[in-house]
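Below: one structure, written as structure tokens.
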Amino acid sequence: MTALTRFPRFFVTSPSACPYLPGRQERKIFTELNGPHAGELNDALGRIGFRRSQSVAYRPSCVGCNACLSVRVVTDEFRPNATQRKLIRRHSDLSVTACRPWATEEQYALLRRYLSARHPGGGMTMMDETDYADMVEQSPVSTYVIEYREPEELGGALVGACITDQQADGLSMIYSFFAADHPERQGLGNLIIMDHIVRARSAGLPYVYLGYWVKGSDRMAYKTRYRPMEVLGPNGWSRMPDDADATVTEAAPQPVKLRAFA
């Protein structure tokens with residue numbers, strides 16, 4: 001590895017309003033991912049709670065707040081509950097394809113539809129086609145866009161997508177979006193997560209990284225539905241307690257086709 005890869009330079013953002021917990025401020029520590037060893041650096045940082053956005057790896061570094069907890073699903077041990085099995089059957093007709101990271105007009109239209117339904121007024125609603133293309137295509141690591149389509153007899157419409165990184169020990173779900181307003185396709189977000197668990201397990205990858213679970217944020221509560229789940233704490237990764245609201249202290253910041261479950 002180059003010296004820059006072995007000893008990356010880290011920077012800290014200025015504080016800004018927290019998008020998850022009212023009245024709090026967020027701050028991030030970040031570094032650039034570039035060069036021939038960007039994938040290795042991203043893997044290493046991912047194991048200590050960093051996330052990727054384009055060519056930047058970042059993680060929270062908030063003063064006086066440790067609410068953002070990195071979480072990952074243990075793929076070999078996950079078993080869907082009755083509600084999740086029903087969801088899998090309901091959407092078993094979908095065609096799923098892992099595509100190269102290339103932005104399309106159809107994906108962007110679905111993203112706009114998703115943001116309008118789920119996050120009206122959010123910061124991402126200001127993204128134009130070029131911004132979206134940058135989000136998908138400016139990746140220095142192994143990245144795919146996983147597309148979920150209705151069958152051809154129903155028109156073959158794109159109803160879900162996820163920008164996904166393949167890391168050494170798992171799949172990292174960078175950003176997913178779907179037809180949240182489709183009356184016949186409820187639960188697509190949950191289905192996309194379960195499909196990633198199946199994909200990772202089939203590839204021999206032990207984890208699916210879901211990003212940050214924010215205790216006290218209703219927007220992040222869905223992430224605790226996929227057990228067993230591990231959470232990153234001061235002593236490394238450990239199993240999340242059955243009570244998802246149990247107190248867990250975060251570590252300080254550090255420099256194809258959908259298959260059925262058995």
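Chains: A, B, ... in order of the structure tokens. Residues: from 1 per chain. Ligands: from 1, in order shown.
The residue set within 7 Å of segment 167-184 of chain A, counting only C-alpha atoms and dropping same-chain residues fewer than 2 places from it, reads Asp43, Leu110, Leu111, Arg113, Tyr114, Ala117, Val159, Gly160, Ala161, Cys162, Ile163, Thr164, Asp165, Gln186, Leu188, Gly189, Ala200, Leu205, Pro206, Tyr207, Val208, Tyr209 and Leu210 of chain A.
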Could the residues in this selection be written to a file with N, CA, C and O atoms, as a compact mmCIF listing (two decimals), in the first residue's frame?
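Output file part-v1.txt is given in full below:
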```txt
# COMPACT_ATOMS: atom_id res chain seq x y z
N ASP A 43 -12.83 -1.05 2.96
CA ASP A 43 -13.13 -2.23 3.77
C ASP A 43 -12.71 -2.02 5.22
O ASP A 43 -13.46 -2.32 6.15
N LEU A 110 -37.50 7.20 -10.52
CA LEU A 110 -37.95 6.45 -9.34
C LEU A 110 -37.46 7.12 -8.06
O LEU A 110 -38.19 7.20 -7.07
N LEU A 111 -36.24 7.61 -8.07
CA LEU A 111 -35.71 8.32 -6.91
C LEU A 111 -36.56 9.54 -6.59
O LEU A 111 -36.92 9.78 -5.42
N ARG A 113 -39.65 10.04 -7.30
CA ARG A 113 -40.94 9.54 -6.81
C ARG A 113 -40.82 9.12 -5.35
O ARG A 113 -41.69 9.42 -4.53
N TYR A 114 -39.75 8.44 -5.02
CA TYR A 114 -39.51 7.98 -3.65
C TYR A 114 -39.34 9.16 -2.69
O TYR A 114 -39.96 9.20 -1.61
N ALA A 117 -42.56 10.89 -1.91
CA ALA A 117 -43.47 10.15 -1.04
C ALA A 117 -42.95 10.04 0.39
O ALA A 117 -43.72 10.11 1.34
N VAL A 159 -39.35 -0.82 -9.87
CA VAL A 159 -40.06 -0.45 -8.64
C VAL A 159 -39.14 -0.34 -7.43
O VAL A 159 -39.57 0.06 -6.35
N GLY A 160 -37.86 -0.69 -7.61
CA GLY A 160 -36.93 -0.57 -6.50
C GLY A 160 -35.50 -0.59 -7.01
O GLY A 160 -35.22 -1.12 -8.09
N ALA A 161 -34.59 0.02 -6.25
CA ALA A 161 -33.17 0.03 -6.60
C ALA A 161 -32.35 0.27 -5.35
O ALA A 161 -32.82 0.90 -4.40
N CYS A 162 -31.13 -0.24 -5.36
CA CYS A 162 -30.23 -0.01 -4.24
C CYS A 162 -28.81 0.12 -4.75
O CYS A 162 -28.34 -0.72 -5.53
N ILE A 163 -28.14 1.18 -4.36
CA ILE A 163 -26.71 1.35 -4.64
C ILE A 163 -25.98 0.56 -3.56
O ILE A 163 -26.14 0.83 -2.37
N THR A 164 -25.20 -0.43 -3.98
CA THR A 164 -24.62 -1.41 -3.06
C THR A 164 -23.14 -1.59 -3.30
O THR A 164 -22.71 -1.77 -4.45
N ASP A 165 -22.35 -1.55 -2.25
CA ASP A 165 -20.91 -1.85 -2.33
C ASP A 165 -20.67 -3.29 -1.88
O ASP A 165 -21.27 -3.75 -0.90
N GLN A 186 -46.40 -2.71 -1.37
CA GLN A 186 -46.03 -2.24 -0.04
C GLN A 186 -44.92 -3.12 0.53
O GLN A 186 -44.86 -4.32 0.29
N LEU A 188 -41.57 -2.73 0.01
CA LEU A 188 -40.42 -2.94 -0.88
C LEU A 188 -39.09 -2.66 -0.18
O LEU A 188 -38.09 -3.34 -0.44
N GLY A 189 -39.07 -1.68 0.69
CA GLY A 189 -37.83 -1.37 1.38
C GLY A 189 -37.35 -2.55 2.22
O GLY A 189 -36.16 -2.88 2.23
N ALA A 200 -25.78 -11.82 0.06
CA ALA A 200 -24.53 -11.89 0.82
C ALA A 200 -24.27 -13.32 1.28
O ALA A 200 -23.15 -13.84 1.16
N LEU A 205 -20.57 -14.14 2.19
CA LEU A 205 -20.25 -12.91 2.91
C LEU A 205 -21.04 -12.88 4.22
O LEU A 205 -22.27 -13.01 4.20
N PRO A 206 -20.39 -12.69 5.35
CA PRO A 206 -21.07 -12.85 6.64
C PRO A 206 -21.99 -11.70 7.07
O PRO A 206 -22.81 -11.89 7.97
N TYR A 207 -21.88 -10.53 6.43
CA TYR A 207 -22.64 -9.39 6.93
C TYR A 207 -23.31 -8.59 5.82
O TYR A 207 -22.85 -8.57 4.68
N VAL A 208 -24.40 -7.92 6.21
CA VAL A 208 -25.00 -6.85 5.42
C VAL A 208 -24.97 -5.61 6.29
O VAL A 208 -25.58 -5.58 7.37
N TYR A 209 -24.25 -4.60 5.84
CA TYR A 209 -24.12 -3.35 6.59
C TYR A 209 -25.30 -2.43 6.25
O TYR A 209 -25.52 -2.10 5.09
N LEU A 210 -26.02 -2.01 7.29
CA LEU A 210 -27.20 -1.17 7.11
C LEU A 210 -26.96 0.29 7.46
O LEU A 210 -27.90 1.08 7.47
```
Please run DSSP on the backbone and report, as a VMD selection string, all residues within segment 8-252 of chain A that come out as helix (DSSP H, G or I).
chain A and resid 38 to 46 75 to 77 82 to 90 105 to 118 123 to 126 129 to 137 152 to 154 188 to 202 218 to 225
Need the shell around segment 234-244 of chain A: protein/DNA/RNA residues with any atom at most 10 Å away, counting only C-alpha atoms. Skip same-chain ones fewer than 6 positions apart. Format as a PyMOL selection string?
chain A and resi 47-49+70-74+213+215+221+223-225+227-228+250-253
Based on the backbone DSSP call, show me all residues of segment 29-207 of chain A assigned strand (DSSP E), as a PyMOL selection string.
chain A and resi 29-32+51-53+56-60+68-74+95-99+143-149+158-167+170-178+207
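The shell of residues at most 10 Å from Arg24 of chain A, with only C-alpha atoms counted and near chain neighbours (fewer than 4 positions) removed, consists of Pro15, Ser16, Ala17, Cys18, Pro19, Tyr20, Cys62, Val63, Gly64 and Cys65 of chain A.
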Pull C-alpha atoms from the residues just selected and write them as an mmCIF file, in the first residue's frame.
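Okay, part_39.cif is ready:
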```cif
data_model
loop_
_atom_site.group_PDB
_atom_site.id
_atom_site.type_symbol
_atom_site.label_atom_id
_atom_site.label_comp_id
_atom_site.auth_asym_id
_atom_site.auth_seq_id
_atom_site.Cartn_x
_atom_site.Cartn_y
_atom_site.Cartn_z
ATOM 1 C CA PRO A 15 -21.408 21.380 13.013
ATOM 2 C CA SER A 16 -24.843 21.493 11.382
ATOM 3 C CA ALA A 17 -28.408 20.619 12.378
ATOM 4 C CA CYS A 18 -28.921 16.906 13.033
ATOM 5 C CA PRO A 19 -31.416 15.407 10.541
ATOM 6 C CA TYR A 20 -32.502 12.680 12.987
ATOM 7 C CA CYS A 62 -20.557 14.613 17.168
ATOM 8 C CA VAL A 63 -19.680 16.523 20.318
ATOM 9 C CA GLY A 64 -21.534 15.123 23.309
ATOM 10 C CA CYS A 65 -23.703 12.679 21.330
#
```
